[in-house]
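Worksheet for the structure shown next.
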Amino acid sequence: MTIHSPLISVVIPAYNRRDTLGRALQSVWVQEVEDIEVVIVDDGSTDGTREYLSELAEQNRKIRPIFHEQNKGEAGARNTGVRSAAGEYVAFLDSDDEWMPGKLRAQIDLMRSTDDGVGACCTGQYIQYEDGRRDRICDWSDQHEITDRNILIRGCGVSMGLTFLIRRAVYQHVGYYDENLPLLVDVDWLCRLLLRYRVIKIRDAYAIYNKAPMRTAAPMERAVAEFKVKNADYLATFGLLDRMAIDSRFFCYISASYQVHGPWVGYVLSQMKFLLNNPFQSPKQYAYFLAVVLGLKKVGSGS
């Protein structure tokens with residue numbers, strides 16, 4: 001008996017997402033691709049997500065829930081989903097976000113027209129705020145090639161957990177997500193991917209990122225330190241100016257956390273390191289920093 005493998009495995013990691021999973025799943029069902037399975041990894045939820053998934057799986061045979069008894073984090077949940085996937089392609093969807101109609105069809109059509117050197121395809125996206133406002137996210141990947149250097153220097157704004165369709169076969173060569181990193185999991189894996197494969201982008205916005213609260217700075221500082229230790233040999237292959245620009249981007253991540261949560265001194269010090277390592281920033285960036293230093297702008301509001 002031949003067992004049919006789906007074309008696409010949609011992998012949805014979920015932790016305490018009982019209230020948002022229905023919205024995410026509805027955005028999957030309106031896609032113009034029928035040959036899919038939906039692998040939902042419940043990462044040790046305690047809010048009723050587990051029971052909700054069991055009910056959904058009884059109602060829809062395309063849904064395949066997997067349950068972690070203990071929380072394994074972002075990388076652990078993704079790894080479980082990918083290892084369990086049967087599709088030729090893997091599409092990630094964060095459990096609090098959603099897709100626009102036509103996303104998977106546009107991506108699968110493009111991927112089928114490329115060679116095996118293209119490992120993944122991403123799309124443009126919107127950001128949606130709590131008040132209902134929605135803006136198109138415009139970032140460097142709309143104009144520049146997606147490379148490991150650009151990811152490290154310009155930032156990882158391509159949202160692998162929301163916009164990507166990936167050939168499942170690439171994991172055999174690239175490996176899985178690093179479960180030891182508290183953050184920067186996407187940056188770490190994408191750099192490995194981009195050393196072997198190309199990533200192409202559909203500029204049209206097919207995904208909606210529902211803005212989540214900013215993390216505090218401490219986990220980001222720890223993640224940066226661990227990322228740099230793990231990838232020391234790889235980072236050493238870049239020239240001095242590139243390494244400074246990469247450090248600048250790391251300090252940008254840390255500074256963004258301090259800007260929201262404080263304290264003032266943390267923001268000022270990390271922002272200074274961001275600007276000193278790569279001073280070619282916009283005048284608005286310098287103006288805001290000066291306003292904070294002079295006390296004209298406040299940081300640490302938590303918003």
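Every chain in the structure tokens has a letter given in the order shown (A, B, ...), and although residue numbers restart at 1 in each chain, ligands are simply numbered from 1 in the order shown.
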
Practice problem: Could you find all residues in stretch 45-259 of chain A that DSSP calls strand (DSSP E) from the backbone, and write them as a ChimeraX atom specification? | Solution: /A:63-68,89-92,98-99,118-128,134-137,165-167,198-210

Let's have the selection written as a compact mmCIF listing (two decimals), in the first residue's frame, with N, CA and C atoms.
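Output saved as again.txt:
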# COMPACT_ATOMS: atom_id res chain seq x y z
N ILE A 63 -5.24 17.84 10.36
CA ILE A 63 -4.54 18.35 11.54
C ILE A 63 -3.89 17.21 12.30
N ARG A 64 -2.60 17.37 12.55
CA ARG A 64 -1.85 16.34 13.29
C ARG A 64 -1.17 17.00 14.49
N PRO A 65 -1.77 16.90 15.67
CA PRO A 65 -1.15 17.53 16.84
C PRO A 65 -0.04 16.66 17.44
N ILE A 66 0.97 17.32 17.97
CA ILE A 66 2.05 16.65 18.69
C ILE A 66 2.20 17.40 20.01
N PHE A 67 2.32 16.66 21.10
CA PHE A 67 2.32 17.28 22.41
C PHE A 67 3.66 17.10 23.13
N HIS A 68 4.25 18.22 23.54
CA HIS A 68 5.41 18.20 24.42
C HIS A 68 4.91 18.21 25.86
N TYR A 89 7.61 20.26 1.12
CA TYR A 89 7.94 21.61 1.59
C TYR A 89 7.40 21.80 3.00
N VAL A 90 8.06 22.68 3.75
CA VAL A 90 7.61 23.05 5.09
C VAL A 90 7.31 24.55 5.10
N ALA A 91 6.12 24.90 5.59
CA ALA A 91 5.74 26.31 5.75
C ALA A 91 5.46 26.56 7.23
N PHE A 92 6.15 27.53 7.81
CA PHE A 92 5.95 27.85 9.22
C PHE A 92 4.89 28.93 9.38
N GLU A 98 -1.05 35.18 11.02
CA GLU A 98 -1.96 34.64 10.01
C GLU A 98 -1.44 34.94 8.60
N TRP A 99 -1.98 34.19 7.63
CA TRP A 99 -1.62 34.35 6.23
C TRP A 99 -2.75 35.00 5.45
N VAL A 118 17.79 26.78 -4.88
CA VAL A 118 16.94 27.66 -4.08
C VAL A 118 16.34 26.82 -2.95
N GLY A 119 16.72 27.14 -1.73
CA GLY A 119 16.27 26.35 -0.60
C GLY A 119 14.97 26.80 0.02
N ALA A 120 14.62 28.07 -0.20
CA ALA A 120 13.42 28.60 0.45
C ALA A 120 12.94 29.85 -0.26
N CYS A 121 11.69 30.17 0.01
CA CYS A 121 11.06 31.37 -0.53
C CYS A 121 10.31 32.06 0.60
N CYS A 122 10.42 33.37 0.68
CA CYS A 122 9.67 34.13 1.67
C CYS A 122 8.81 35.18 0.97
N THR A 123 7.94 35.82 1.72
CA THR A 123 7.06 36.84 1.15
C THR A 123 7.14 38.12 1.96
N GLY A 124 6.55 39.18 1.41
CA GLY A 124 6.38 40.39 2.19
C GLY A 124 5.33 40.18 3.27
N GLN A 125 5.21 41.16 4.16
CA GLN A 125 4.29 41.01 5.29
C GLN A 125 3.75 42.34 5.77
N TYR A 126 2.65 42.26 6.50
CA TYR A 126 2.10 43.41 7.20
C TYR A 126 2.38 43.25 8.69
N ILE A 127 2.39 44.37 9.39
CA ILE A 127 2.38 44.35 10.85
C ILE A 127 1.04 44.91 11.30
N GLN A 128 0.40 44.21 12.21
CA GLN A 128 -0.89 44.66 12.71
C GLN A 128 -0.77 44.97 14.20
N ARG A 134 -2.86 48.55 10.45
CA ARG A 134 -2.02 47.59 9.72
C ARG A 134 -1.11 48.35 8.76
N ASP A 135 0.19 48.08 8.83
CA ASP A 135 1.16 48.72 7.95
C ASP A 135 1.94 47.67 7.18
N ARG A 136 2.29 48.00 5.96
CA ARG A 136 3.17 47.14 5.17
C ARG A 136 4.59 47.29 5.70
N ILE A 137 5.23 46.17 6.02
CA ILE A 137 6.62 46.20 6.47
C ILE A 137 7.52 46.30 5.24
N LEU A 165 8.55 29.39 3.03
CA LEU A 165 8.28 28.05 2.52
C LEU A 165 9.65 27.45 2.21
N ILE A 166 9.95 26.29 2.78
CA ILE A 166 11.30 25.72 2.76
C ILE A 166 11.25 24.30 2.19
N ARG A 167 12.20 23.98 1.31
CA ARG A 167 12.32 22.59 0.86
C ARG A 167 12.73 21.73 2.06
N ARG A 198 20.19 29.40 -1.91
CA ARG A 198 19.67 30.74 -2.09
C ARG A 198 18.26 30.82 -1.50
N VAL A 199 17.90 32.03 -1.07
CA VAL A 199 16.54 32.33 -0.62
C VAL A 199 16.00 33.44 -1.49
N ILE A 200 14.81 33.23 -2.06
CA ILE A 200 14.20 34.24 -2.91
C ILE A 200 12.96 34.79 -2.23
N LYS A 201 12.55 35.98 -2.69
CA LYS A 201 11.44 36.66 -2.02
C LYS A 201 10.37 37.09 -3.01
N ILE A 202 9.12 36.89 -2.61
CA ILE A 202 7.97 37.50 -3.27
C ILE A 202 7.66 38.78 -2.52
N ARG A 203 7.77 39.90 -3.17
CA ARG A 203 7.62 41.17 -2.46
C ARG A 203 6.20 41.44 -2.00
N ASP A 204 5.22 40.86 -2.67
CA ASP A 204 3.83 41.06 -2.25
C ASP A 204 3.65 40.58 -0.81
N ALA A 205 2.86 41.32 -0.05
CA ALA A 205 2.65 40.98 1.36
C ALA A 205 1.54 39.94 1.48
N TYR A 206 1.92 38.75 1.92
CA TYR A 206 0.98 37.65 2.06
C TYR A 206 0.85 37.18 3.51
N ALA A 207 1.45 37.87 4.45
CA ALA A 207 1.43 37.43 5.84
C ALA A 207 1.15 38.62 6.76
N ILE A 208 0.56 38.31 7.91
CA ILE A 208 0.21 39.35 8.88
C ILE A 208 0.86 39.00 10.21
N TYR A 209 1.79 39.84 10.62
CA TYR A 209 2.45 39.69 11.93
C TYR A 209 1.67 40.51 12.94
N ASN A 210 1.06 39.85 13.89
CA ASN A 210 0.36 40.54 14.97
C ASN A 210 1.38 40.90 16.05

Quiz item: Excluding same-chain residues fewer than 6 positions from A:Val38, what lies within 9 Å of it counting only C-alpha atoms, as an NGL selection string?
Solution: :A and (8-12 or 25 or 28 or 62-65 or 85)

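For A:Leu269, the non-local neighbours within 12 Å, defined as residues at least 2 positions apart in the same chain or in other chains and counting only C-alpha atoms, are Phe251, Cys252, Ile254, Ser255, Ala256, Tyr258, Gln259, Gly262, Pro263, Trp264, Val265, Gly266, Tyr267, Gln271, Met272, Lys273, Phe274, Leu275, Leu276, Phe289, Val292 and Val293 of chain A.
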
Self-check item: Residues near stretch 224-230 of chain A, cut-off 12 Å, only C-alpha atoms, skip fewer than 2 positions along chain, as an NGL selection string
Solution: :A and (152 or 178-189 or 191 or 217-222 or 232-236 or 243 or 246-254)

Quiz prompt | Proximity to A:Asn277 - best of A:Leu241, A:Asp94, A:Lys297, A:Arg18, only C-alpha atoms | solution = A:Leu241

Practice problem: Considering only C-alpha atoms, return as number ranges by chain whatever protein or nucleic-acid residues lie within 9 Å of A:Leu195, sequence-local ones (same chain, fewer than 5 positions apart) excluded. | Solution: A: 147-148, 174, 190

Requested write-out: C-alpha atoms of the selected residues, as a CSV table (one decimal), in the first residue's frame:
chain,number,residue,atom,x,y,z
A,147,THR,CA,22.5,36.7,2.0
A,148,ASP,CA,24.0,35.7,5.3
A,174,VAL,CA,21.9,22.4,7.0
A,190,LEU,CA,19.4,31.2,8.1

Practice problem: Check stretch 1-134 of chain A with DSSP on the backbone and list each residue it calls helix (DSSP H, G or I), as a ChimeraX atom specification. | Solution: /A:21-29,49-59,73-84,103-112

Quiz item: Pick the closest to A:Arg105 from A:Lys284, A:Ile40, A:Glu34, A:Ser301: which is it, counting only C-alpha atoms?
Solution: A:Glu34

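Comparing the minimum interatomic distances between A:Met214 and each of A:His261, A:Lys103, A:His144, A:His173, counting only C-alpha atoms, we find that A:His261 sits nearest.
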
Quiz item: Of the candidates A:Glu69, A:Asp242, A:Asp19, A:Asp96, which shows the shortest atom-to-atom distance to A:Arg154, using only C-alpha atoms?
Solution: A:Asp242

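Atom CA of A:Gly117 to atom CA of A:Leu193 spans 10.8 Å [interatomic distance, one decimal].
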